[in-house]
Every structure is written in C-alpha cells, then in structure tokens.
$ cat upload.cif   # mmCIF, C-alpha atoms
data_query
#
loop_
_atom_site.label_atom_id
_atom_site.label_comp_id
_atom_site.auth_asym_id
_atom_site.auth_seq_id
_atom_site.Cartn_x
_atom_site.Cartn_y
_atom_site.Cartn_z
CA MET P 1 100.68 91.96 90.62
CA ALA P 2 103.98 93.51 91.65
CA PRO P 3 104.03 97.30 91.87
CA LEU P 4 105.08 99.20 88.77
CA TYR P 5 108.27 101.23 88.56
CA PHE P 6 109.05 104.08 86.18
CA GLU P 7 110.77 101.70 83.72
CA ASP P 8 107.69 99.44 83.59
CA LEU P 9 105.51 102.15 82.07
CA GLU P 10 104.93 103.57 78.60
CA VAL P 11 103.04 106.65 77.52
CA GLY P 12 99.49 105.52 76.78
CA PHE P 13 99.34 102.90 79.56
CA ARG P 14 95.78 102.90 80.91
CA PHE P 15 93.92 101.48 83.86
CA GLU P 16 90.58 101.91 85.60
CA THR P 17 89.79 101.75 89.28
CA PRO P 18 87.05 99.93 91.15
CA ARG P 19 83.82 101.85 91.71
CA ARG P 20 82.68 103.60 94.89
CA THR P 21 79.30 105.01 95.84
CA VAL P 22 79.36 108.45 97.44
CA THR P 23 77.36 108.52 100.67
CA GLU P 24 75.94 111.13 103.00
CA ALA P 25 78.50 109.94 105.57
CA ASP P 26 81.27 110.88 103.10
CA LEU P 27 79.96 114.47 102.86
CA VAL P 28 79.57 114.79 106.63
CA ALA P 29 83.02 113.35 107.36
CA PHE P 30 84.70 115.52 104.72
CA ALA P 31 82.98 118.66 106.02
CA GLY P 32 84.29 117.83 109.48
CA VAL P 33 87.85 117.14 108.35
CA SER P 34 88.09 120.08 105.95
CA GLY P 35 85.97 122.59 107.86
CA ASP P 36 84.02 123.26 104.65
CA TYR P 37 80.42 123.45 105.83
CA ASN P 38 79.09 125.17 102.72
CA PRO P 39 75.30 124.66 102.74
CA LEU P 40 75.47 123.14 99.24
CA HIS P 41 77.01 120.13 100.99
CA THR P 42 75.47 120.25 104.45
CA ASP P 43 72.00 121.83 104.30
CA ALA P 44 69.34 119.84 102.43
CA GLU P 45 66.81 122.69 102.43
CA PHE P 46 69.30 125.23 101.13
CA ALA P 47 70.60 122.81 98.49
CA ARG P 48 67.05 121.99 97.34
CA GLY P 49 66.72 125.64 96.29
CA SER P 50 70.08 125.68 94.51
CA ILE P 51 70.82 125.01 90.85
CA TYR P 52 71.56 121.39 91.82
CA GLY P 53 68.26 120.72 93.61
CA GLU P 54 69.97 118.65 96.29
CA ARG P 55 73.20 118.39 98.26
CA ILE P 56 76.34 117.70 96.24
CA ALA P 57 79.78 116.43 97.14
CA HIS P 58 82.59 118.90 97.74
CA GLY P 59 84.85 119.18 94.70
CA ALA P 60 87.86 118.49 96.91
CA LEU P 61 86.09 115.39 98.26
CA VAL P 62 85.69 114.04 94.72
CA LEU P 63 89.39 114.65 94.06
CA SER P 64 90.27 112.92 97.33
CA LEU P 65 88.05 109.94 96.51
CA ALA P 66 89.74 109.71 93.10
CA THR P 67 93.19 109.48 94.71
CA GLY P 68 91.92 106.80 97.09
CA LEU P 69 90.34 104.78 94.29
CA ARG P 70 93.63 104.94 92.37
CA GLN P 71 95.49 103.54 95.36
CA ARG P 72 93.07 100.59 95.64
CA VAL P 73 94.38 99.27 92.33
CA GLY P 74 97.78 98.67 93.96
CA LEU P 75 99.80 99.40 90.82
CA PHE P 76 102.13 101.81 92.59
CA ASP P 77 102.19 100.41 96.14
CA GLY P 78 105.64 101.20 97.47
CA THR P 79 106.86 102.85 94.26
CA LEU P 80 104.90 106.11 94.31
CA MET P 81 107.07 108.74 95.99
CA GLY P 82 104.63 111.63 96.01
CA LEU P 83 102.10 113.85 94.30
CA LEU P 84 103.94 116.89 92.95
CA GLU P 85 101.27 118.82 91.10
CA ILE P 86 97.61 118.87 90.08
CA ARG P 87 97.22 120.43 86.64
CA GLY P 88 94.12 121.87 85.03
CA TRP P 89 91.65 120.13 87.34
CA ARG P 90 88.07 120.79 86.25
CA PHE P 91 84.80 119.94 87.92
CA ARG P 92 82.48 119.29 84.99
CA ALA P 93 79.36 117.97 86.72
CA PRO P 94 78.13 117.64 90.29
CA VAL P 95 78.56 114.42 92.23
CA ARG P 96 75.45 113.67 94.24
CA ILE P 97 74.81 111.45 97.23
CA GLY P 98 74.25 107.97 95.77
CA ASP P 99 76.39 108.50 92.67
CA THR P 100 78.90 105.75 91.96
CA ILE P 101 82.24 106.93 90.64
CA ARG P 102 85.35 105.32 89.19
CA VAL P 103 88.56 106.71 87.74
CA ARG P 104 90.09 106.30 84.29
CA ASN P 105 93.86 106.88 84.17
CA GLU P 106 96.26 107.26 81.27
CA VAL P 107 100.00 107.87 81.42
CA ALA P 108 100.48 111.04 79.36
CA GLU P 109 104.15 111.72 79.96
CA LEU P 110 107.22 110.04 81.45
CA ARG P 111 110.36 112.02 82.14
CA ALA P 112 113.60 111.07 83.83
CA THR P 113 114.80 113.40 86.56
CA SER P 114 118.31 114.44 87.54
CA LYS P 115 118.19 111.85 90.35
CA PRO P 116 118.70 108.26 89.18
CA ASP P 117 116.30 106.74 91.71
CA ARG P 118 113.16 108.50 90.45
CA GLY P 119 111.19 109.66 87.44
CA LEU P 120 108.26 111.92 86.72
CA MET P 121 104.92 110.50 85.59
CA VAL P 122 102.02 112.63 84.37
CA GLN P 123 98.64 110.91 84.29
CA ARG P 124 95.44 112.16 82.68
CA ILE P 125 92.61 111.45 85.08
CA GLU P 126 88.89 111.26 84.45
CA VAL P 127 86.41 110.69 87.26
CA VAL P 128 83.25 109.20 85.78
CA ASN P 129 79.87 108.46 87.32
CA GLN P 130 77.49 105.53 86.88
CA ALA P 131 76.21 107.04 83.60
CA ASP P 132 79.80 107.15 82.26
CA GLU P 133 79.66 110.96 82.44
CA VAL P 134 82.97 112.69 83.21
CA VAL P 135 82.40 114.64 86.42
CA SER P 136 86.02 115.72 87.08
CA GLU P 137 89.23 115.63 85.11
CA GLY P 138 92.78 116.87 85.10
CA GLU P 139 96.37 115.74 85.33
CA LEU P 140 98.32 114.44 88.29
CA VAL P 141 102.09 114.78 88.28
CA MET P 142 103.68 112.03 90.37
CA LEU P 143 107.17 111.10 91.42
CA LEU P 144 107.82 107.39 90.87
CA LYS P 145 110.70 105.13 91.91
CA ARG P 146 113.11 103.81 89.32
CA ARG P 147 114.72 100.38 89.59
#

$ encode --input "upload.cif" --output "structure tokens"
Amino acid sequence: MAPLYFEDLEVGFRFETPRRTVTEADLVAFAGVSGDYNPLHTDAEFARGSIYGERIAHGALVLSLATGLRQRVGLFDGTLMGLLEIRGWRFRAPVRIGDTIRVRNEVAELRATSKPDRGLMVQRIEVVNQADEVVSEGELVMLLKRR
C-alpha cells in the first residue's frame, strides 16, 4: 500500500497495528536509555510488595512502543512530518512483562495549515492488551504531507 497523504484521509478513518509482547529486555533497555531505574520497573522484590505485585513497564515505554507499532503499519511512511503534541495521555492499567499490546487508531480531526505542503492530523489512540483492556489512551497531533 502506498503511504497516505493528508488528502487521502477522512475523519473517522481507523486502523489497528500488529501486536507486540512486552519483555523483560524491553524494560531493561528502556531503563538504560531513559535513566529511569524506578524499582517498580527494575527490582522484582520491591515490585512484588507494590500494588502491582510484580514489575511493570514504564508508562513512557508503553507510549514509545505504541508509536513504534503505529509505524510498522506503514500507512504514513515518508508522509509523516512530525509529532507535534501529545494530548490528554492517560495510563489506565499497568502493562506487565509478558503482556501483548496493540494500538487502535482513529483520525479525530484534519485541519489544513497555512503552508500548502502540510496538514494537521489528530488521532485518538488506544493501547490495548491481550484481554482487549485499554491500558493507555490519548491523542497524537501529527503533521502530515499534502500532495
């Protein structure tokens, strides 16, 4: 499929991503890259005594995985010009090692900009786990090429 441009989209356009299982290696790598070594993510004994009962993924890791899963679809390869804003992002449930997540996307708003080569796209995003439970959600505001 050819990448989508601003003019190819309509409000209400939806797509889902492939799934991905969150691993211990993901938590370790993200802690190293981000410097976030909170024991909820890195210390099994500490996390066992927490409200979660085990280690959980960093919220920012889940958001990062969601952006990566969205790119795997290829719908905006070469047409996405940048992420401008993250609106109202909520972490509704923990993501645990071994959870499998995917992303549901819906175009909520399309707006032309003052520059003729680009437009603004707002997408509602839901990250869901293997039980179809929404674990994270919010809106991503993207800049997209026009034809």

$ resolve_selection --input "upload.cif" --expression "the PyMOL selection byres ((chain P and resi 144) around 10)" --output "CSV table (one decimal) with C-alpha atoms, in the frame of the given file"
chain,number,residue,atom,x,y,z
P,4,LEU,CA,105.1,99.2,88.8
P,5,TYR,CA,108.3,101.2,88.6
P,6,PHE,CA,109.0,104.1,86.2
P,7,GLU,CA,110.8,101.7,83.7
P,76,PHE,CA,102.1,101.8,92.6
P,78,GLY,CA,105.6,101.2,97.5
P,79,THR,CA,106.9,102.8,94.3
P,80,LEU,CA,104.9,106.1,94.3
P,81,MET,CA,107.1,108.7,96.0
P,82,GLY,CA,104.6,111.6,96.0
P,83,LEU,CA,102.1,113.8,94.3
P,110,LEU,CA,107.2,110.0,81.4
P,112,ALA,CA,113.6,111.1,83.8
P,117,ASP,CA,116.3,106.7,91.7
P,118,ARG,CA,113.2,108.5,90.4
P,119,GLY,CA,111.2,109.7,87.4
P,120,LEU,CA,108.3,111.9,86.7
P,121,MET,CA,104.9,110.5,85.6
P,141,VAL,CA,102.1,114.8,88.3
P,142,MET,CA,103.7,112.0,90.4
P,143,LEU,CA,107.2,111.1,91.4
P,145,LYS,CA,110.7,105.1,91.9
P,146,ARG,CA,113.1,103.8,89.3
P,147,ARG,CA,114.7,100.4,89.6

$ closest_residue --input "upload.cif" --among "P:Leu40, P:Leu75, P:Val28, P:Leu63" --to "Asp8 in chain P" --atoms "all atoms listed in the file"
P:Leu75

$ closest_atom_pairs --input "upload.cif" --of "range 30-77 of chain P" --to "range 14-23 of chain P" --cutoff "7 Å" --atoms "all atoms listed in the file" --output "Markdown table"
| residue | atom | partner | partner_atom | distance |
| --- | --- | --- | --- | --- |
| P:Leu69 | CA | P:Thr17 | CA | 5.9 |
| P:Arg70 | CA | P:Thr17 | CA | 5.9 |
| P:Val73 | CA | P:Thr17 | CA | 6.0 |

$ atom_distance --input "upload.cif" --atom1 "CA of Val135 in chain P" --atom2 "CA of Arg111 in chain P"
28.4 Å

$ resolve_selection --input "upload.cif" --expression "the PyMOL selection byres ((chain P and resi 60) around 12)" --output "count of residues only"
27

$ atom_distance --input "upload.cif" --atom1 "CA of Ala25 in chain P" --atom2 "CA of Ser50 in chain P"
21.0 Å

$ atom_distance --input "upload.cif" --atom1 "CA of Ser114 in chain P" --atom2 "CA of Glu137 in chain P"
29.2 Å

$ closest_residue --input "upload.cif" --among "P:Gln71, P:Gln130, P:Thr113, P:Gln123" --to "Asp99 in chain P" --atoms "all atoms listed in the file"
P:Gln130

$ resolve_selection --input "upload.cif" --expression "the PyMOL selection byres ((chain P and resi 132) around 12)" --output "list in words"
Arg19, Ala93, Asp99, Thr100, Ile101, Arg102, Val103, Arg104, Glu126, Val127, Val128, Asn129, Gln130, Ala131, Glu133, Val134, Val135 and Ser136 of chain P

$ closest_residue --input "upload.cif" --among "P:Glu24, P:Glu109, P:Glu10, P:Glu139" --to "Arg87 in chain P" --atoms "only C-alpha atoms"
P:Glu139

$ closest_residue --input "upload.cif" --among "P:Arg72, P:Leu84, P:Leu140, P:Arg55" --to "Asp43 in chain P" --atoms "only C-alpha atoms"
P:Arg55

$ closest_residue --input "upload.cif" --among "P:Gly49, P:Gly88, P:Gly98, P:Pro116" --to "Gly138 in chain P" --atoms "all atoms listed in the file"
P:Gly88

$ closest_residue --input "upload.cif" --among "P:Arg48, P:Glu54, P:Pro3, P:Val107" --to "Asp77 in chain P" --atoms "only C-alpha atoms"
P:Pro3

$ axis_aligned_box --input "upload.cif" --around "range 126-139 of chain P" --padding-each-side "8 Å" --output "AutoDock Vina command-line options"
--center_x 86.3 --center_y 111.2 --center_z 84.8 --size_x 36.2 --size_y 27.3 --size_z 21.1
